[in-house]
$ cat entry29.csv   # CSV, N, CA and C atoms
chain,number,residue,atom,x,y,z
A,1,MET,N,33.1,-123.8,56.5
A,1,MET,CA,33.0,-123.3,57.8
A,1,MET,C,31.5,-122.9,58.0
A,2,ILE,N,31.0,-123.2,59.2
A,2,ILE,CA,29.6,-122.9,59.5
A,2,ILE,C,29.6,-121.7,60.5
A,3,GLU,N,28.9,-120.7,60.2
A,3,GLU,CA,28.7,-119.5,61.0
A,3,GLU,C,27.7,-119.7,62.1
A,4,ILE,N,28.1,-119.5,63.3
A,4,ILE,CA,27.2,-119.8,64.5
A,4,ILE,C,27.0,-118.6,65.4
A,5,GLY,N,25.8,-118.5,66.0
A,5,GLY,CA,25.5,-117.6,67.0
A,5,GLY,C,25.1,-118.3,68.3
A,6,ILE,N,25.4,-117.7,69.4
A,6,ILE,CA,25.0,-118.3,70.7
A,6,ILE,C,24.2,-117.3,71.5
A,7,ILE,N,23.1,-117.8,72.1
A,7,ILE,CA,22.3,-117.0,73.1
A,7,ILE,C,22.2,-117.9,74.3
A,8,ASP,N,22.8,-117.4,75.4
A,8,ASP,CA,22.8,-118.1,76.7
A,8,ASP,C,23.0,-117.1,77.8
A,9,ASP,N,22.1,-117.1,78.8
A,9,ASP,CA,22.2,-116.2,79.9
A,9,ASP,C,23.2,-116.7,81.0
A,10,ASP,N,23.6,-118.0,80.9
A,10,ASP,CA,24.6,-118.5,81.9
A,10,ASP,C,26.0,-118.1,81.4
A,11,ALA,N,26.6,-117.2,82.1
A,11,ALA,CA,27.9,-116.7,81.7
A,11,ALA,C,29.0,-117.8,81.6
A,12,PHE,N,29.0,-118.8,82.5
A,12,PHE,CA,30.0,-119.8,82.4
A,12,PHE,C,29.7,-120.7,81.1
A,13,MET,N,28.5,-121.1,80.9
A,13,MET,CA,28.2,-121.9,79.7
A,13,MET,C,28.5,-121.1,78.5
A,14,ARG,N,28.1,-119.9,78.4
A,14,ARG,CA,28.4,-119.1,77.2
A,14,ARG,C,29.9,-119.0,77.0
A,15,SER,N,30.7,-118.7,78.0
A,15,SER,CA,32.1,-118.5,77.8
A,15,SER,C,32.8,-119.9,77.4
A,16,GLU,N,32.3,-121.0,77.9
A,16,GLU,CA,32.8,-122.3,77.5
A,16,GLU,C,32.5,-122.6,76.0
A,17,LEU,N,31.3,-122.3,75.6
A,17,LEU,CA,30.9,-122.5,74.2
A,17,LEU,C,31.7,-121.6,73.3
A,18,VAL,N,31.9,-120.4,73.7
A,18,VAL,CA,32.7,-119.4,72.9
A,18,VAL,C,34.1,-120.0,72.8
A,19,LYS,N,34.7,-120.4,73.9
A,19,LYS,CA,36.1,-120.9,73.8
A,19,LYS,C,36.2,-122.1,72.9
A,20,ILE,N,35.3,-123.1,73.0
A,20,ILE,CA,35.3,-124.3,72.2
A,20,ILE,C,35.1,-123.9,70.7
A,21,LEU,N,34.2,-123.0,70.4
A,21,LEU,CA,33.9,-122.7,69.0
A,21,LEU,C,35.1,-121.9,68.4
A,22,LYS,N,35.7,-121.0,69.2
A,22,LYS,CA,36.8,-120.2,68.7
A,22,LYS,C,38.0,-121.1,68.3
A,23,GLU,N,38.1,-122.2,69.0
A,23,GLU,CA,39.2,-123.1,68.7
A,23,GLU,C,39.0,-124.1,67.6
A,24,SER,N,37.7,-124.1,67.1
A,24,SER,CA,37.3,-125.1,66.0
A,24,SER,C,37.7,-124.5,64.7
A,25,SER,N,38.1,-125.4,63.8
A,25,SER,CA,38.3,-125.1,62.4
A,25,SER,C,37.1,-125.3,61.5
A,26,ARG,N,36.0,-125.9,62.1
A,26,ARG,CA,34.8,-126.2,61.4
A,26,ARG,C,33.7,-125.1,61.6
A,27,PHE,N,33.9,-124.3,62.6
A,27,PHE,CA,32.8,-123.4,63.0
A,27,PHE,C,33.5,-122.0,63.1
A,28,HIS,N,32.7,-121.0,62.8
A,28,HIS,CA,33.1,-119.6,63.0
A,28,HIS,C,32.0,-118.9,63.8
A,29,LEU,N,32.4,-118.5,65.0
A,29,LEU,CA,31.5,-117.8,65.9
A,29,LEU,C,31.4,-116.4,65.5
A,30,VAL,N,30.1,-116.0,65.2
A,30,VAL,CA,29.9,-114.7,64.6
A,30,VAL,C,29.3,-113.7,65.6
A,31,LEU,N,28.4,-114.2,66.5
A,31,LEU,CA,27.7,-113.3,67.4
A,31,LEU,C,27.3,-114.2,68.6
A,32,PHE,N,27.5,-113.6,69.8
A,32,PHE,CA,27.0,-114.2,71.0
A,32,PHE,C,26.4,-113.2,72.0
A,33,SER,N,25.4,-113.6,72.8
A,33,SER,CA,24.7,-112.7,73.6
A,33,SER,C,24.2,-113.4,74.8
A,34,GLU,N,23.9,-112.6,75.9
A,34,GLU,CA,23.3,-113.2,77.1
A,34,GLU,C,21.7,-113.1,77.0
A,35,SER,N,21.2,-112.5,76.0
A,35,SER,CA,19.7,-112.4,75.9
A,35,SER,C,19.2,-112.5,74.5
A,36,ALA,N,18.0,-112.9,74.3
A,36,ALA,CA,17.4,-113.0,73.0
A,36,ALA,C,17.2,-111.6,72.4
A,37,GLU,N,16.8,-110.7,73.3
A,37,GLU,CA,16.6,-109.3,72.9
A,37,GLU,C,17.9,-108.6,72.3
A,38,LYS,N,19.0,-108.8,73.0
A,38,LYS,CA,20.2,-108.2,72.6
A,38,LYS,C,20.7,-108.9,71.2
A,39,PHE,N,20.5,-110.2,71.2
A,39,PHE,CA,20.9,-110.9,69.9
A,39,PHE,C,20.1,-110.5,68.8
A,40,LEU,N,18.8,-110.3,69.0
A,40,LEU,CA,17.9,-109.9,67.9
A,40,LEU,C,18.2,-108.4,67.5
A,41,LYS,N,18.7,-107.6,68.4
A,41,LYS,CA,19.1,-106.3,68.0
A,41,LYS,C,20.2,-106.2,67.0
A,42,TYR,N,21.2,-107.2,67.1
A,42,TYR,CA,22.4,-107.1,66.3
A,42,TYR,C,22.4,-108.2,65.2
A,43,CYS,N,21.6,-109.2,65.2
A,43,CYS,CA,21.7,-110.3,64.3
A,43,CYS,C,21.5,-109.9,62.8
A,44,SER,N,20.8,-108.9,62.6
A,44,SER,CA,20.6,-108.5,61.2
A,44,SER,C,21.9,-108.0,60.5
A,45,ASN,N,22.8,-107.7,61.4
A,45,ASN,CA,24.2,-107.3,60.8
A,45,ASN,C,25.0,-108.5,60.4
A,46,TYR,N,24.5,-109.7,60.7
A,46,TYR,CA,25.2,-110.9,60.5
A,46,TYR,C,24.4,-111.9,59.7
A,47,PRO,N,24.0,-111.6,58.5
A,47,PRO,CA,23.1,-112.6,57.8
A,47,PRO,C,23.7,-113.9,57.4
A,48,GLU,N,25.0,-114.0,57.6
A,48,GLU,CA,25.7,-115.3,57.3
A,48,GLU,C,25.5,-116.3,58.4
A,49,ILE,N,24.9,-116.0,59.6
A,49,ILE,CA,24.7,-117.0,60.6
A,49,ILE,C,23.8,-118.1,60.1
A,50,LYS,N,24.2,-119.3,60.2
A,50,LYS,CA,23.5,-120.5,59.8
A,50,LYS,C,23.0,-121.3,60.9
A,51,LEU,N,23.5,-121.2,62.1
A,51,LEU,CA,23.2,-122.0,63.2
A,51,LEU,C,23.2,-121.2,64.5
A,52,ILE,N,22.2,-121.3,65.3
A,52,ILE,CA,22.1,-120.6,66.6
A,52,ILE,C,21.9,-121.6,67.7
A,53,LEU,N,22.9,-121.6,68.7
A,53,LEU,CA,22.7,-122.4,69.9
A,53,LEU,C,22.0,-121.5,70.9
A,54,ILE,N,20.8,-121.9,71.3
A,54,ILE,CA,20.0,-121.0,72.1
A,54,ILE,C,19.4,-121.7,73.3
A,55,ASP,N,19.6,-121.1,74.5
A,55,ASP,CA,19.0,-121.6,75.7
A,55,ASP,C,17.5,-121.3,75.7
A,56,ILE,N,16.7,-122.4,76.0
A,56,ILE,CA,15.3,-122.1,75.9
A,56,ILE,C,14.7,-121.4,77.2
A,57,GLY,N,15.5,-121.5,78.3
A,57,GLY,CA,15.0,-120.9,79.5
A,57,GLY,C,15.6,-119.5,79.8
A,58,LEU,N,15.5,-118.6,78.9
A,58,LEU,CA,16.1,-117.3,79.0
A,58,LEU,C,15.2,-116.4,79.7
A,59,PRO,N,15.7,-115.4,80.5
A,59,PRO,CA,14.8,-114.4,81.1
A,59,PRO,C,14.3,-113.5,79.9
A,60,GLY,N,13.2,-112.8,80.1
A,60,GLY,CA,12.7,-112.0,79.1
A,60,GLY,C,12.1,-112.9,78.0
A,61,ILE,N,12.5,-112.6,76.7
A,61,ILE,CA,12.0,-113.5,75.6
A,61,ILE,C,12.7,-114.9,75.8
A,62,SER,N,11.9,-115.9,75.9
A,62,SER,CA,12.5,-117.3,76.0
A,62,SER,C,13.1,-117.7,74.7
A,63,GLY,N,13.9,-118.7,74.7
A,63,GLY,CA,14.4,-119.3,73.5
A,63,GLY,C,13.4,-119.7,72.5
A,64,ILE,N,12.3,-120.3,73.0
A,64,ILE,CA,11.2,-120.8,72.2
A,64,ILE,C,10.5,-119.6,71.5
A,65,GLU,N,10.3,-118.5,72.3
A,65,GLU,CA,9.6,-117.3,71.7
A,65,GLU,C,10.5,-116.6,70.7
A,66,ALA,N,11.9,-116.8,70.9
A,66,ALA,CA,12.8,-116.1,70.0
A,66,ALA,C,13.0,-116.7,68.7
A,67,ILE,N,12.7,-118.0,68.6
A,67,ILE,CA,12.9,-118.7,67.3
A,67,ILE,C,12.2,-118.1,66.1
A,68,PRO,N,10.9,-117.8,66.2
A,68,PRO,CA,10.2,-117.2,65.0
A,68,PRO,C,10.8,-115.8,64.7
A,69,LYS,N,11.1,-115.1,65.8
A,69,LYS,CA,11.7,-113.7,65.6
A,69,LYS,C,13.0,-113.8,64.9
A,70,LEU,N,13.8,-114.8,65.3
A,70,LEU,CA,15.1,-114.9,64.6
A,70,LEU,C,15.0,-115.3,63.2
A,71,MET,N,14.0,-116.2,62.9
A,71,MET,CA,13.8,-116.6,61.5
A,71,MET,C,13.4,-115.5,60.6
A,72,ASN,N,12.7,-114.5,61.1
A,72,ASN,CA,12.3,-113.4,60.4
A,72,ASN,C,13.4,-112.4,60.2
A,73,LYS,N,14.4,-112.4,61.1
A,73,LYS,CA,15.5,-111.5,61.0
A,73,LYS,C,16.7,-112.0,60.1
A,74,LEU,N,16.9,-113.3,60.1
A,74,LEU,CA,18.0,-113.9,59.4
A,74,LEU,C,17.6,-114.4,58.0
$ encode --input "entry29.csv" --output "structure tokens"
Amino acid sequence: MIEIGIIDDDAFMRSELVKILKESSRFHLVLFSESAEKFLKYCSNYPEIKLILIDIGLPGISGIEAIPKLMNKL
């Protein structure tokens, strides 16, 4: 099972991804958030995350800017 995190500010997209991943036997959704800042605040509590689906056009810290910060946290 692959542990996944999601960062997406679009509530509909985020909820659909959450629904799909929760129904999957191959993936385990560990953490999801509407912003990179919020995800970064909590991701250290979940070092098992191996894959993050991230929107690049986020308000605040963009998905691109968040990648190096996430790599340092996980």
$ residues_around --input "entry29.csv" --residues "Ser35 (chain A)" --least-positions-apart "6" --cutoff "7 Å" --atoms "only N, CA and C atoms" --output "compact mmCIF listing (two decimals) with N, CA and C atoms, in the frame of the given file"
# COMPACT_ATOMS: atom_id res chain seq x y z
N ILE A 7 23.10 -117.80 72.10
CA ILE A 7 22.30 -117.00 73.10
C ILE A 7 22.20 -117.90 74.30
N ASP A 8 22.80 -117.40 75.40
CA ASP A 8 22.80 -118.10 76.70
C ASP A 8 23.00 -117.10 77.80
N ASP A 9 22.10 -117.10 78.80
CA ASP A 9 22.20 -116.20 79.90
C ASP A 9 23.20 -116.70 81.00
N LEU A 58 15.50 -118.60 78.90
CA LEU A 58 16.10 -117.30 79.00
C LEU A 58 15.20 -116.40 79.70
N PRO A 59 15.70 -115.40 80.50
CA PRO A 59 14.80 -114.40 81.10
C PRO A 59 14.30 -113.50 79.90
$ atom_distance --input "entry29.csv" --atom1 "CA of Ser33 (chain A)" --atom2 "atom N of Ile2 (chain A)"
18.9 Å
$ select_by_dssp --input "entry29.csv" --residues "chain A" --states "strand (DSSP E or B)" --output "MDAnalysis selection string"
chainID A and resid 2:7 27:33 51:54
$ closest_residue --input "entry29.csv" --among "A:Leu70, A:Met13, A:Met1, A:Leu51" --to "Arg26 (chain A)" --atoms "all atoms listed in the file"
A:Met1
$ atom_distance --input "entry29.csv" --atom1 "atom C of Lys38 (chain A)" --atom2 "atom C of Glu23 (chain A)"
24.1 Å
$ residues_around --input "entry29.csv" --residues "Pro47 (chain A)" --least-positions-apart "5" --cutoff "8 Å" --atoms "all atoms listed in the file" --output "MDAnalysis selection string"
chainID A and resid 42 73:74
$ closest_residue --input "entry29.csv" --among "A:Leu40, A:Leu21, A:His28, A:Ile6" --to "Ile54 (chain A)" --atoms "only C-alpha atoms"
A:Ile6
$ select_by_dssp --input "entry29.csv" --residues "chain A" --states "alpha helix (DSSP H)" --output "MDAnalysis selection string"
chainID A and resid 11:23 36:42 63:73
$ atom_distance --input "entry29.csv" --atom1 "CA of Glu3 (chain A)" --atom2 "CA of Ile52 (chain A)"
8.7 Å
$ residues_around --input "entry29.csv" --residues "Ile64 (chain A)" --least-positions-apart "6" --cutoff "9 Å" --atoms "only C-alpha atoms" --output "list of chain:residue names"
A:Ile54, A:Asp55, A:Ile56, A:Gly57
$ closest_residue --input "entry29.csv" --among "A:Phe39, A:Met71, A:Glu34, A:Lys50" --to "Asp10 (chain A)" --atoms "all atoms listed in the file"
A:Glu34
$ closest_residue --input "entry29.csv" --among "A:Asn72, A:Val18, A:Gly60, A:Glu48" --to "Phe32 (chain A)" --atoms "all atoms listed in the file"
A:Val18
